[in-house]
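Peer 1: Supplied structure: coords-v4.txt, compact mmCIF, C-alpha atoms.
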# COMPACT_ATOMS: atom_id res chain seq x y z
CA MET A 30 -13.42 20.95 104.80
CA GLN A 31 -10.97 22.19 102.18
CA GLY A 32 -8.40 24.76 103.18
CA ILE A 33 -8.56 28.46 102.44
CA GLY A 34 -5.96 31.09 101.58
CA VAL A 35 -5.26 34.42 103.27
CA ASN A 36 -3.47 37.66 102.40
CA TYR A 37 -0.67 38.34 104.88
CA GLY A 38 -0.26 42.12 104.85
CA THR A 39 2.24 43.75 107.17
CA ILE A 40 1.48 47.51 107.17
CA ALA A 41 1.28 47.55 110.96
CA ASP A 42 3.46 48.00 114.03
CA ASN A 43 1.77 45.50 116.34
CA LEU A 44 1.98 42.17 114.50
CA PRO A 45 3.36 38.98 116.06
CA PRO A 46 6.67 37.53 114.82
CA PRO A 47 6.34 35.65 111.50
CA ALA A 48 7.58 32.40 113.06
CA GLU A 49 4.70 32.48 115.56
CA VAL A 50 2.23 33.30 112.79
CA ALA A 51 3.39 30.41 110.60
CA LYS A 52 3.20 27.95 113.50
CA PHE A 53 -0.27 29.18 114.46
CA LEU A 54 -1.64 28.97 110.91
CA SER A 55 -0.28 25.47 110.31
CA LYS A 56 -1.22 24.00 113.69
CA SER A 57 -4.50 25.72 114.54
CA THR A 58 -6.27 26.84 111.34
CA ILE A 59 -7.46 25.44 108.01
CA ILE A 60 -5.46 28.13 106.21
CA ASN A 61 -3.19 26.30 103.78
CA ARG A 62 -2.12 29.15 101.48
CA VAL A 63 -0.74 32.62 102.12
CA ARG A 64 -0.18 35.49 99.75
CA LEU A 65 2.49 38.11 100.48
CA PHE A 66 2.59 41.60 98.96
CA ASP A 67 6.39 41.43 98.83
CA ALA A 68 9.06 38.75 99.29
CA ASN A 69 9.87 39.29 102.96
CA PRO A 70 12.70 36.84 103.75
CA GLU A 71 11.79 36.53 107.45
CA ILE A 72 8.25 35.48 106.53
CA LEU A 73 9.49 33.10 103.83
CA ARG A 74 11.83 31.45 106.35
CA ALA A 75 9.01 31.26 108.90
CA PHE A 76 6.89 29.05 106.63
CA LYS A 77 9.68 26.50 106.21
CA GLY A 78 8.40 22.99 106.81
CA THR A 79 4.76 24.03 107.36
CA GLY A 80 3.49 22.74 104.00
CA ILE A 81 1.57 26.00 103.55
CA GLU A 82 1.69 27.23 99.95
CA VAL A 83 3.23 30.69 99.63
CA THR A 84 2.79 33.34 96.94
CA ILE A 85 5.24 36.26 96.76
CA THR A 86 5.00 39.53 94.83
CA VAL A 87 7.31 41.65 92.71
CA PRO A 88 6.50 45.24 93.78
CA ASN A 89 4.89 47.41 91.10
CA ASN A 90 7.86 49.77 90.88
CA GLN A 91 10.21 46.90 89.97
CA ILE A 92 8.15 45.71 86.98
CA PRO A 93 10.06 47.63 84.25
CA ASN A 94 13.40 46.24 85.50
CA ILE A 95 12.12 42.64 85.56
CA THR A 96 11.78 42.72 81.76
CA ASN A 97 15.57 42.35 81.74
CA LEU A 98 16.41 38.65 81.96
CA THR A 99 19.48 39.21 84.12
CA VAL A 100 17.46 41.25 86.61
CA ALA A 101 14.68 38.65 86.61
CA ARG A 102 17.19 35.88 87.26
CA ASP A 103 18.80 37.85 90.09
CA TRP A 104 15.39 38.56 91.62
CA ILE A 105 14.55 34.84 91.71
CA GLN A 106 17.96 33.88 93.06
CA THR A 107 17.57 36.45 95.86
CA ASN A 108 13.88 36.22 96.70
CA ALA A 109 12.81 32.67 95.83
CA GLN A 110 15.61 30.15 95.36
CA PRO A 111 17.13 30.38 98.88
CA PHE A 112 13.83 29.36 100.48
CA ILE A 113 12.86 26.35 98.38
CA PRO A 114 11.99 23.55 98.65
CA SER A 115 11.69 23.82 102.46
CA THR A 116 9.23 26.70 102.01
CA LYS A 117 6.49 25.68 99.59
CA LEU A 118 6.72 28.61 97.19
CA VAL A 119 4.17 28.10 94.41
CA ARG A 120 3.57 31.44 92.71
CA ILE A 121 5.11 34.82 91.96
CA LEU A 122 2.81 37.76 91.27
CA VAL A 123 4.21 40.49 89.05
CA GLY A 124 2.72 43.54 90.74
CA ASN A 125 -0.69 44.07 92.31
CA GLU A 126 -3.67 45.58 90.44
CA VAL A 127 -1.26 47.15 87.94
CA LEU A 128 -3.92 48.04 85.36
CA SER A 129 -5.75 50.10 88.00
CA THR A 130 -2.69 52.34 88.45
CA ALA A 131 -3.17 53.84 84.95
CA ASN A 132 0.64 54.02 84.86
CA LYS A 133 1.56 53.51 81.20
CA LEU A 134 5.14 52.47 81.96
CA LEU A 135 4.03 49.75 84.37
CA ILE A 136 1.16 48.57 82.18
CA SER A 137 3.23 48.33 79.01
CA ASN A 138 5.91 46.32 80.81
CA LEU A 139 3.57 44.04 82.76
CA VAL A 140 3.23 41.11 80.33
CA PRO A 141 6.89 41.28 79.18
CA ALA A 142 7.94 41.17 82.85
CA MET A 143 5.74 38.13 83.48
CA GLN A 144 7.16 36.37 80.42
CA THR A 145 10.76 37.20 81.37
CA LEU A 146 10.32 35.98 84.94
CA HIS A 147 8.88 32.71 83.60
CA VAL A 148 11.87 32.27 81.29
CA ALA A 149 14.23 32.90 84.21
CA LEU A 150 12.39 30.31 86.30
CA GLY A 151 12.75 27.87 83.40
CA GLU A 152 16.50 28.43 83.23
CA LEU A 153 16.67 27.49 86.91
CA SER A 154 14.34 24.47 86.38
CA LEU A 155 11.73 26.03 88.64
CA ASP A 156 8.99 26.83 86.11
CA THR A 157 7.00 23.65 86.76
CA HIS A 158 6.84 24.35 90.51
CA ILE A 159 6.54 28.15 90.59
CA LYS A 160 3.97 29.85 88.36
CA VAL A 161 3.84 33.50 87.33
CA THR A 162 0.72 35.67 87.22
CA THR A 163 -0.58 39.04 88.47
CA SER A 164 -3.72 40.28 90.22
CA HIS A 165 -6.51 42.55 88.99
CA SER A 166 -9.23 44.66 90.54
CA LEU A 167 -12.63 44.46 88.88
CA GLY A 168 -11.83 47.86 87.42
CA ILE A 169 -10.51 45.93 84.40
CA LEU A 170 -14.17 45.38 83.44
CA VAL A 171 -16.58 47.78 81.79
CA ASN A 172 -19.64 48.32 83.96
CA SER A 173 -22.44 45.96 83.00
CA THR A 174 -25.88 45.20 84.36
CA THR A 175 -25.57 41.44 83.82
CA PRO A 176 -22.64 39.01 84.13
CA SER A 177 -23.03 37.72 80.57
CA ALA A 178 -22.59 41.25 79.15
CA ALA A 179 -19.32 41.97 80.96
CA ARG A 180 -16.28 42.87 78.87
CA PHE A 181 -12.72 43.98 79.54
CA ARG A 182 -12.04 47.68 79.15
CA GLN A 183 -11.30 48.73 75.60
CA GLY A 184 -7.59 49.20 75.03
CA TYR A 185 -6.61 46.85 77.84
CA ASP A 186 -8.58 43.97 76.32
CA THR A 187 -6.53 43.32 73.17
CA HIS A 188 -3.25 45.06 74.03
CA VAL A 189 -2.65 43.75 77.55
CA ILE A 190 -5.18 41.19 78.74
CA LYS A 191 -5.33 39.03 75.61
CA PRO A 192 -1.55 38.48 75.44
CA MET A 193 -1.55 37.97 79.20
CA LEU A 194 -4.23 35.28 78.99
CA SER A 195 -2.30 33.61 76.19
CA PHE A 196 0.81 33.53 78.39
CA LEU A 197 -1.20 32.20 81.35
CA ARG A 198 -2.73 29.43 79.24
CA ASP A 199 0.66 28.41 77.80
CA SER A 200 2.32 28.37 81.24
CA ASN A 201 -0.65 26.74 83.02
CA SER A 202 -1.06 29.70 85.36
CA PRO A 203 -4.31 31.22 86.68
CA PHE A 204 -5.96 34.59 86.06
CA MET A 205 -6.17 36.25 89.49
CA VAL A 206 -8.92 38.73 90.33
CA ASN A 207 -9.86 40.64 93.50
CA PRO A 208 -13.68 40.68 93.73
CA TYR A 209 -15.14 42.62 96.66
CA PRO A 210 -18.93 42.53 97.10
CA PHE A 211 -18.23 44.94 99.98
CA PHE A 212 -17.60 47.68 97.42
CA GLY A 213 -20.68 46.82 95.36
CA PHE A 214 -23.52 46.57 97.86
CA SER A 215 -26.17 49.03 98.94
CA VAL A 216 -28.71 48.95 101.77
CA ASP A 217 -31.04 47.12 99.37
CA THR A 218 -28.50 44.48 98.32
CA ILE A 219 -26.66 43.66 101.54
CA ASP A 220 -28.18 40.16 101.84
CA TYR A 221 -27.18 39.50 98.23
CA ALA A 222 -23.62 40.58 99.08
CA LEU A 223 -23.45 38.48 102.28
CA PHE A 224 -24.74 35.20 100.75
CA LEU A 225 -27.95 35.50 102.82
CA PRO A 226 -31.45 34.55 101.62
CA ASN A 227 -32.68 37.01 98.99
CA SER A 228 -34.81 37.14 95.87
CA GLY A 229 -31.79 37.03 93.57
CA MET A 230 -31.17 38.45 90.13
CA VAL A 231 -31.77 36.85 86.74
CA ASP A 232 -29.42 37.49 83.82
CA ASP A 233 -31.86 38.29 81.05
CA VAL A 234 -29.55 36.87 78.37
CA THR A 235 -28.63 33.51 79.91
CA GLU A 236 -31.75 33.31 82.12
CA LEU A 237 -29.50 32.13 84.95
CA ARG A 238 -30.39 33.18 88.49
CA TYR A 239 -27.79 34.74 90.81
CA THR A 240 -28.29 34.53 94.56
CA ASN A 241 -25.05 36.23 95.61
CA MET A 242 -22.91 39.08 94.30
CA LEU A 243 -19.61 37.16 94.29
CA ASP A 244 -20.96 34.67 91.73
CA ALA A 245 -22.09 37.56 89.55
CA GLN A 246 -18.66 39.19 89.78
CA LEU A 247 -16.82 35.96 88.98
CA ASP A 248 -19.11 35.17 86.04
CA SER A 249 -18.56 38.69 84.75
CA VAL A 250 -14.82 37.97 84.63
CA TYR A 251 -15.50 34.61 82.99
CA SER A 252 -17.73 36.22 80.34
CA ALA A 253 -15.06 38.79 79.50
CA MET A 254 -12.43 36.04 79.22
CA LYS A 255 -14.73 33.98 77.00
CA VAL A 256 -15.13 36.85 74.53
CA LEU A 257 -11.35 36.76 74.06
CA GLY A 258 -11.35 32.97 73.74
CA PHE A 259 -9.76 32.11 77.09
CA GLU A 260 -12.58 30.70 79.18
CA ASP A 261 -10.41 27.63 79.91
CA VAL A 262 -7.90 29.62 82.00
CA GLU A 263 -8.47 29.06 85.72
CA ILE A 264 -9.77 31.97 87.80
CA VAL A 265 -8.29 32.46 91.28
CA ILE A 266 -9.73 34.84 93.88
CA GLY A 267 -6.65 36.80 94.96
CA GLU A 268 -8.44 39.02 97.46
CA THR A 269 -11.90 39.30 98.93
CA GLY A 270 -13.09 40.19 102.40
CA TRP A 271 -15.28 42.31 104.64
CA PRO A 272 -14.21 44.77 107.35
CA THR A 273 -15.36 44.56 110.96
CA LYS A 274 -15.22 48.30 111.56
CA GLY A 275 -15.76 51.43 109.48
CA ASP A 276 -16.88 55.03 109.53
CA PRO A 277 -19.96 55.67 111.72
CA ASP A 278 -22.23 56.27 108.73
CA GLN A 279 -21.28 53.04 106.94
CA ILE A 280 -23.97 50.35 106.87
CA GLY A 281 -23.12 46.67 107.18
CA VAL A 282 -19.63 47.27 108.55
CA ASP A 283 -19.51 45.31 111.80
CA PRO A 284 -18.29 41.96 113.18
CA MET A 285 -21.61 40.25 112.41
CA SER A 286 -21.51 41.20 108.71
CA ALA A 287 -17.82 40.23 108.46
CA SER A 288 -18.66 36.85 110.04
CA GLU A 289 -21.52 36.34 107.60
CA TYR A 290 -19.47 37.23 104.55
CA ASN A 291 -16.24 35.41 105.35
CA GLY A 292 -17.94 32.34 106.78
CA ASN A 293 -20.38 32.01 103.90
CA LEU A 294 -17.56 32.72 101.45
CA ILE A 295 -15.47 29.84 102.79
CA ARG A 296 -18.42 27.45 102.61
CA HIS A 297 -19.35 28.61 99.10
CA VAL A 298 -15.96 28.53 97.35
CA THR A 299 -15.06 25.13 98.85
CA SER A 300 -18.48 23.52 98.30
CA GLY A 301 -17.96 22.50 94.67
CA VAL A 302 -21.22 24.18 93.64
CA GLY A 303 -19.38 26.77 91.54
CA THR A 304 -21.21 29.64 89.83
CA PRO A 305 -24.06 29.68 87.28
CA LEU A 306 -21.58 29.92 84.36
CA MET A 307 -18.86 27.83 86.05
CA PRO A 308 -20.79 25.06 87.83
CA ASN A 309 -19.37 22.13 89.81
CA ARG A 310 -16.03 23.63 90.76
CA THR A 311 -14.16 25.15 93.68
CA PHE A 312 -12.16 28.37 93.66
CA GLU A 313 -8.72 28.87 95.13
CA THR A 314 -9.42 31.86 97.36
CA TYR A 315 -7.38 34.26 99.47
CA ILE A 316 -9.29 36.20 102.11
CA PHE A 317 -8.21 39.75 102.84
CA ALA A 318 -6.66 39.85 105.35
CA LEU A 319 -4.86 37.88 108.03
CA PHE A 320 -4.51 40.82 110.46
CA ASP A 321 -5.82 44.36 110.79
CA GLU A 322 -3.14 46.73 109.50
CA ASN A 323 -3.13 49.75 111.78
CA LEU A 324 -0.71 51.84 109.71
CA LYS A 325 -2.66 51.75 106.43
CA PRO A 326 -3.89 55.16 105.28
CA GLY A 327 -7.43 55.97 104.19
CA PRO A 328 -10.87 55.33 105.72
CA ILE A 329 -11.28 53.38 108.97
CA CYS A 330 -12.41 50.22 107.16
CA GLU A 331 -9.04 50.05 105.37
CA ARG A 332 -7.38 49.14 108.68
CA ASN A 333 -10.02 46.63 109.81
CA PHE A 334 -10.22 43.72 107.36
CA GLY A 335 -8.29 41.32 109.61
CA LEU A 336 -9.44 37.83 110.55
CA PHE A 337 -7.23 37.73 113.65
CA TRP A 338 -6.08 40.08 116.39
CA PRO A 339 -2.31 40.41 116.92
CA ASN A 340 -2.62 37.85 119.76
CA MET A 341 -4.00 35.47 117.10
CA THR A 342 -7.50 35.18 118.50
CA PRO A 343 -10.29 35.47 115.89
CA VAL A 344 -11.78 38.91 115.29
CA CYS A 345 -15.09 37.36 114.26
CA ASP A 346 -16.76 33.95 114.22
CA ILE A 347 -15.85 32.14 111.00
CA PRO A 348 -15.09 28.46 110.23
CA ILE A 349 -11.33 28.84 110.06
CA MET A 350 -10.04 27.20 113.24
CA LYS A 351 -9.28 23.48 112.94
CA ASN A 352 -11.30 22.60 116.02
CA SER A 353 -14.33 24.61 114.89
CA ALA A 354 -14.41 24.11 111.13
CA ILE A 355 -16.78 21.17 111.39
CA ARG A 356 -19.21 22.58 113.92
CA VAL A 357 -19.84 26.02 112.40
CA ALA A 358 -23.52 26.77 112.39
CA HIS A 359 -25.42 27.31 109.18
CA TYR A 360 -27.22 30.26 110.63
CA HIS A 361 -28.66 33.11 108.63
CA HIS A 362 -29.30 36.53 110.04
CA HIS A 363 -31.93 37.80 107.63
CA ARG A 364 -32.53 41.49 107.23
CA SER A 365 -36.09 42.26 106.26
CA GLY A 366 -37.13 44.71 103.59
CA LEU A 367 -37.54 44.94 99.89
CA ILE A 368 -34.45 43.70 98.10
CA VAL A 369 -33.68 45.12 94.71
CA MET A 370 -30.94 43.20 92.98
CA VAL A 371 -28.56 45.13 90.84
CA VAL A 372 -25.30 43.65 89.69
CA LEU A 373 -22.57 46.25 89.71
CA ILE A 374 -19.04 45.66 88.57
CA ILE A 375 -17.35 48.04 90.91
CA ILE A 376 -13.93 49.58 90.48
CA ALA A 377 -12.33 48.88 93.82
CA SER A 378 -11.70 52.23 95.41
CA GLY A 379 -11.95 53.96 98.74
CA CYS A 380 -11.27 51.13 101.15
CA GLY A 381 -9.59 48.69 98.77
Could you write out this structure as structure tokens?
Peer 2:
Amino acid sequence: MQGIGVNYGTIADNLPPPAEVAKFLSKSTIINRVRLFDANPEILRAFKGTGIEVTITVPNNQIPNITNLTVARDWIQTNAQPFIPSTKLVRILVGNEVLSTANKLLISNLVPAMQTLHVALGELSLDTHIKVTTSHSLGILVNSTTPSAARFRQGYDTHVIKPMLSFLRDSNSPFMVNPYPFFGFSVDTIDYALFLPNSGMVDDVTELRYTNMLDAQLDSVYSAMKVLGFEDVEIVIGETGWPTKGDPDQIGVDPMSASEYNGNLIRHVTSGVGTPLMPNRTFETYIFALFDENLKPGPICERNFGLFWPNMTPVCDIPIMKNSAIRVAHYHHHRSGLIVMVVLIIIASGCG
């Protein structure tokens, strides 16, 4: 089975030392990529010699400064250069879900910062090994009832996203999105969200049938990119996941549902089936998250997306351990009842 990526968040006070984490991931799991929300030097050192691909992030508040070439160069020389090539650093994200902040200063500087960082990497002869991009929530899309009708939000589409896609195409970098069926499902569409048997949804324009919400979300992004003329830019799933615990009144928030979603997700994105509009392909995917983060604010689910406990035993049963990846059962826990399929492009909020 192909490997899978994971988001390594650290807003917690009970996590194991990074060196132990890196050894565990490389020796015992099929995880071959990690994404960091910063450029923590201890974590970067920990992944030395593991062969695991690492993505680091420029924090949102540093974006305006990174438009200065000297600052960009200094940032790389401090946060990237000391760790390569022994740590397999492959990507730098400029911020996280910046367009969702509605911060005009950050948004206006986002693409210039990405371009400047790429130039600085080029000066250091690192631009062929380390690519620059950023991540987006699905809030960049206008709500649509079908994937083929999806469009980027007016204003962002031509002023930010189009020049960004042009930069990504020219630099051979991917467009990274964070699709979460967890935020888009209802009691009627939970099987659709969890990749379980369901009646599906047909796009009345393309006449293509969708049997899971993730495909519909990804094809919505693809459709919006195609309108701007950039359907050839690769799409990477920067975050997706399902919590094991939530508020008492939340449906579908339990270890069984998390096992269904994450296990079926891994099988789906590595299968080569693709989506109705992007058939016969795999998707580089980063599950959220490696550990529960007990210091995160917000609803209970926010702190319970982890795949592993701090002692590095699995929170739920998914095909991620090397000795179990082959034997994972293709079981389906089917929930009965009438299923009404509605595709919603959800602005990640609440627990995201």
Peer 1: Tell me, as a list of chain:residue names, which residues lie within 7 Å of region 289-291 of chain A, counting only C-alpha atoms; anything in the same chain fewer than 4 positions away does not count.
Peer 2: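 In the requested form, the answer reads A:Leu223, A:Phe224, A:Gly270, A:Trp271, A:Met285, A:Ile295, A:Ile347.
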Peer 1: Select, from A:Val206, A:Ile264, A:Val148, A:Ala287, the residue with the minimum atom-to-atom distance to Met307 (chain A), counting all atoms listed in the file.
Peer 2: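 For Met307 (chain A), the nearest of the candidates is A:Ile264.
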Peer 1: Which one of A:Pro210, A:Pro328, A:Gly168, A:Gly78 sits closest to Asp244 (chain A) if you count all atoms listed in the file?
Peer 2: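 Checking each of A:Pro210, A:Pro328, A:Gly168, A:Gly78 against Asp244 (chain A), counting all atoms listed in the file, the winner is A:Pro210.
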Peer 1: Quick one: everything within 6 Å of region 182-193 of chain A, counting only C-alpha atoms, minus sequence neighbours fewer than 3 positions away in the same chain. Send it as a list in words.
Peer 2: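 Neighbouring residues, sequence-local ones excluded: Val140, Ile169, Leu170, Val171 and Phe196 of chain A.
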Peer 1: Report as a ChimeraX atom specification all protein, DNA and RNA residues lying within 7 Å of Cys345 (chain A), evaluated on only C-alpha atoms, omitting residues in the same chain fewer than 5 positions from it.
Peer 2: /A:284,288,336
Peer 1: Just checking: using all atoms listed in the file, which residue out of A:Thr99, A:Thr235, A:Thr218, A:Ser55 ends up closest to Gly281 (chain A)?
Peer 2: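 For Gly281 (chain A), the nearest of the given residues is A:Thr218.
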Peer 1: Do you have the CA of Thr79 (chain A)-CA of Ile121 (chain A) distance handy?
Peer 2: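 Going from CA of Thr79 (chain A) over to CA of Ile121 (chain A), I get 18.8 Å.
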Peer 1: Could you jot down the CA of Leu243 (chain A) to CA of Thr304 (chain A) separation for me, Å, one decimal place?
Peer 2: 8.9 Å
Peer 1: Return the single residue from A:Ile349, A:Val234, A:Ile85, A:Leu150 that is closest to Gly124 (chain A), with distances computed using all atoms listed in the file.
Peer 2: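 Residue with the minimum atom-to-atom distance to Gly124 (chain A): A:Ile85.
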Peer 1: What separation in Å, quoted to one decimal, exists between CA of Ala178 (chain A) and CA of Thr311 (chain A)?
Peer 2: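 So the answer is 23.3 Å.
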Peer 1: Identify the residues around (14.8, 36.5, 86.3) within a radius of 8 Å, measuring from all atoms listed in the file in the coordinates stated by the file, and give them as a short mmCIF file (atom, residue, chain, number, x, y, z; two decimals) with C-alpha atoms, in the coordinates of the input.
Peer 2:
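For reference, selection_8.cif as written:
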data_model
loop_
_atom_site.label_atom_id
_atom_site.label_comp_id
_atom_site.auth_asym_id
_atom_site.auth_seq_id
_atom_site.Cartn_x
_atom_site.Cartn_y
_atom_site.Cartn_z
CA ILE A 95 12.12 42.64 85.56
CA ASN A 97 15.57 42.35 81.74
CA LEU A 98 16.41 38.65 81.96
CA THR A 99 19.48 39.21 84.12
CA VAL A 100 17.46 41.25 86.61
CA ALA A 101 14.68 38.65 86.61
CA ARG A 102 17.19 35.88 87.26
CA ASP A 103 18.80 37.85 90.09
CA TRP A 104 15.39 38.56 91.62
CA ILE A 105 14.55 34.84 91.71
CA GLN A 106 17.96 33.88 93.06
CA THR A 145 10.76 37.20 81.37
CA LEU A 146 10.32 35.98 84.94
CA HIS A 147 8.88 32.71 83.60
CA VAL A 148 11.87 32.27 81.29
CA ALA A 149 14.23 32.90 84.21
CA LEU A 150 12.39 30.31 86.30
#
Peer 1: Show me, as an MDAnalysis selection string, the residues that have an atom within 10 Å of Ala179 (chain A) when counting all atoms listed in the file, minus same-chain residues fewer than 2 positions from it.
Peer 2: chainID A and resid 170:177 181:182 246 248:254 256 374
Peer 1: Could you turn the residues from that selection into a file that holds C-alpha atoms, as a compact mmCIF listing (two decimals), in the coordinates of the input?
Peer 2:
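Dumped to out-v5.txt:
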# COMPACT_ATOMS: atom_id res chain seq x y z
CA LEU A 170 -14.17 45.38 83.44
CA VAL A 171 -16.58 47.78 81.79
CA ASN A 172 -19.64 48.32 83.96
CA SER A 173 -22.44 45.96 83.00
CA THR A 174 -25.88 45.20 84.36
CA THR A 175 -25.57 41.44 83.82
CA PRO A 176 -22.64 39.01 84.13
CA SER A 177 -23.03 37.72 80.57
CA PHE A 181 -12.72 43.98 79.54
CA ARG A 182 -12.04 47.68 79.15
CA GLN A 246 -18.66 39.19 89.78
CA ASP A 248 -19.11 35.17 86.04
CA SER A 249 -18.56 38.69 84.75
CA VAL A 250 -14.82 37.97 84.63
CA TYR A 251 -15.50 34.61 82.99
CA SER A 252 -17.73 36.22 80.34
CA ALA A 253 -15.06 38.79 79.50
CA MET A 254 -12.43 36.04 79.22
CA VAL A 256 -15.13 36.85 74.53
CA ILE A 374 -19.04 45.66 88.57
Peer 1: Can you work out which one of A:Ala131, A:Met350, A:Ile60, A:Ala109 has the shortest atom-to-atom distance to Leu319 (chain A), counting all atoms listed in the file?
Peer 2: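 Of all the options, A:Ile60 lies closest to Leu319 (chain A).
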Peer 1: Between A:Pro343, A:Val83, A:Val119, A:Thr240, which one has atoms that come closest to Ala222 (chain A), using only C-alpha atoms?
Peer 2: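 Once distances to Ala222 (chain A) are computed over only C-alpha atoms, the minimum belongs to A:Thr240.
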Peer 1: Write out as JSON an axis-aligned box for region 99-113 of chain A: all of its atoms listed in the file, 6 Å added on each side, centre and edge lengths in Å with one decimal.
Peer 2:
{"center_x": 16.1, "center_y": 33.8, "center_z": 92.3, "size_x": 18.7, "size_y": 26.9, "size_z": 28.4}
Peer 1: Compile the contact shell of region 39-50 of chain A as a ChimeraX atom specification: residues with an atom at most 7 Å away, counting all atoms listed in the file, same-chain residues fewer than 4 positions apart removed.
Peer 2: /A:54,71-72,75,322-325,339
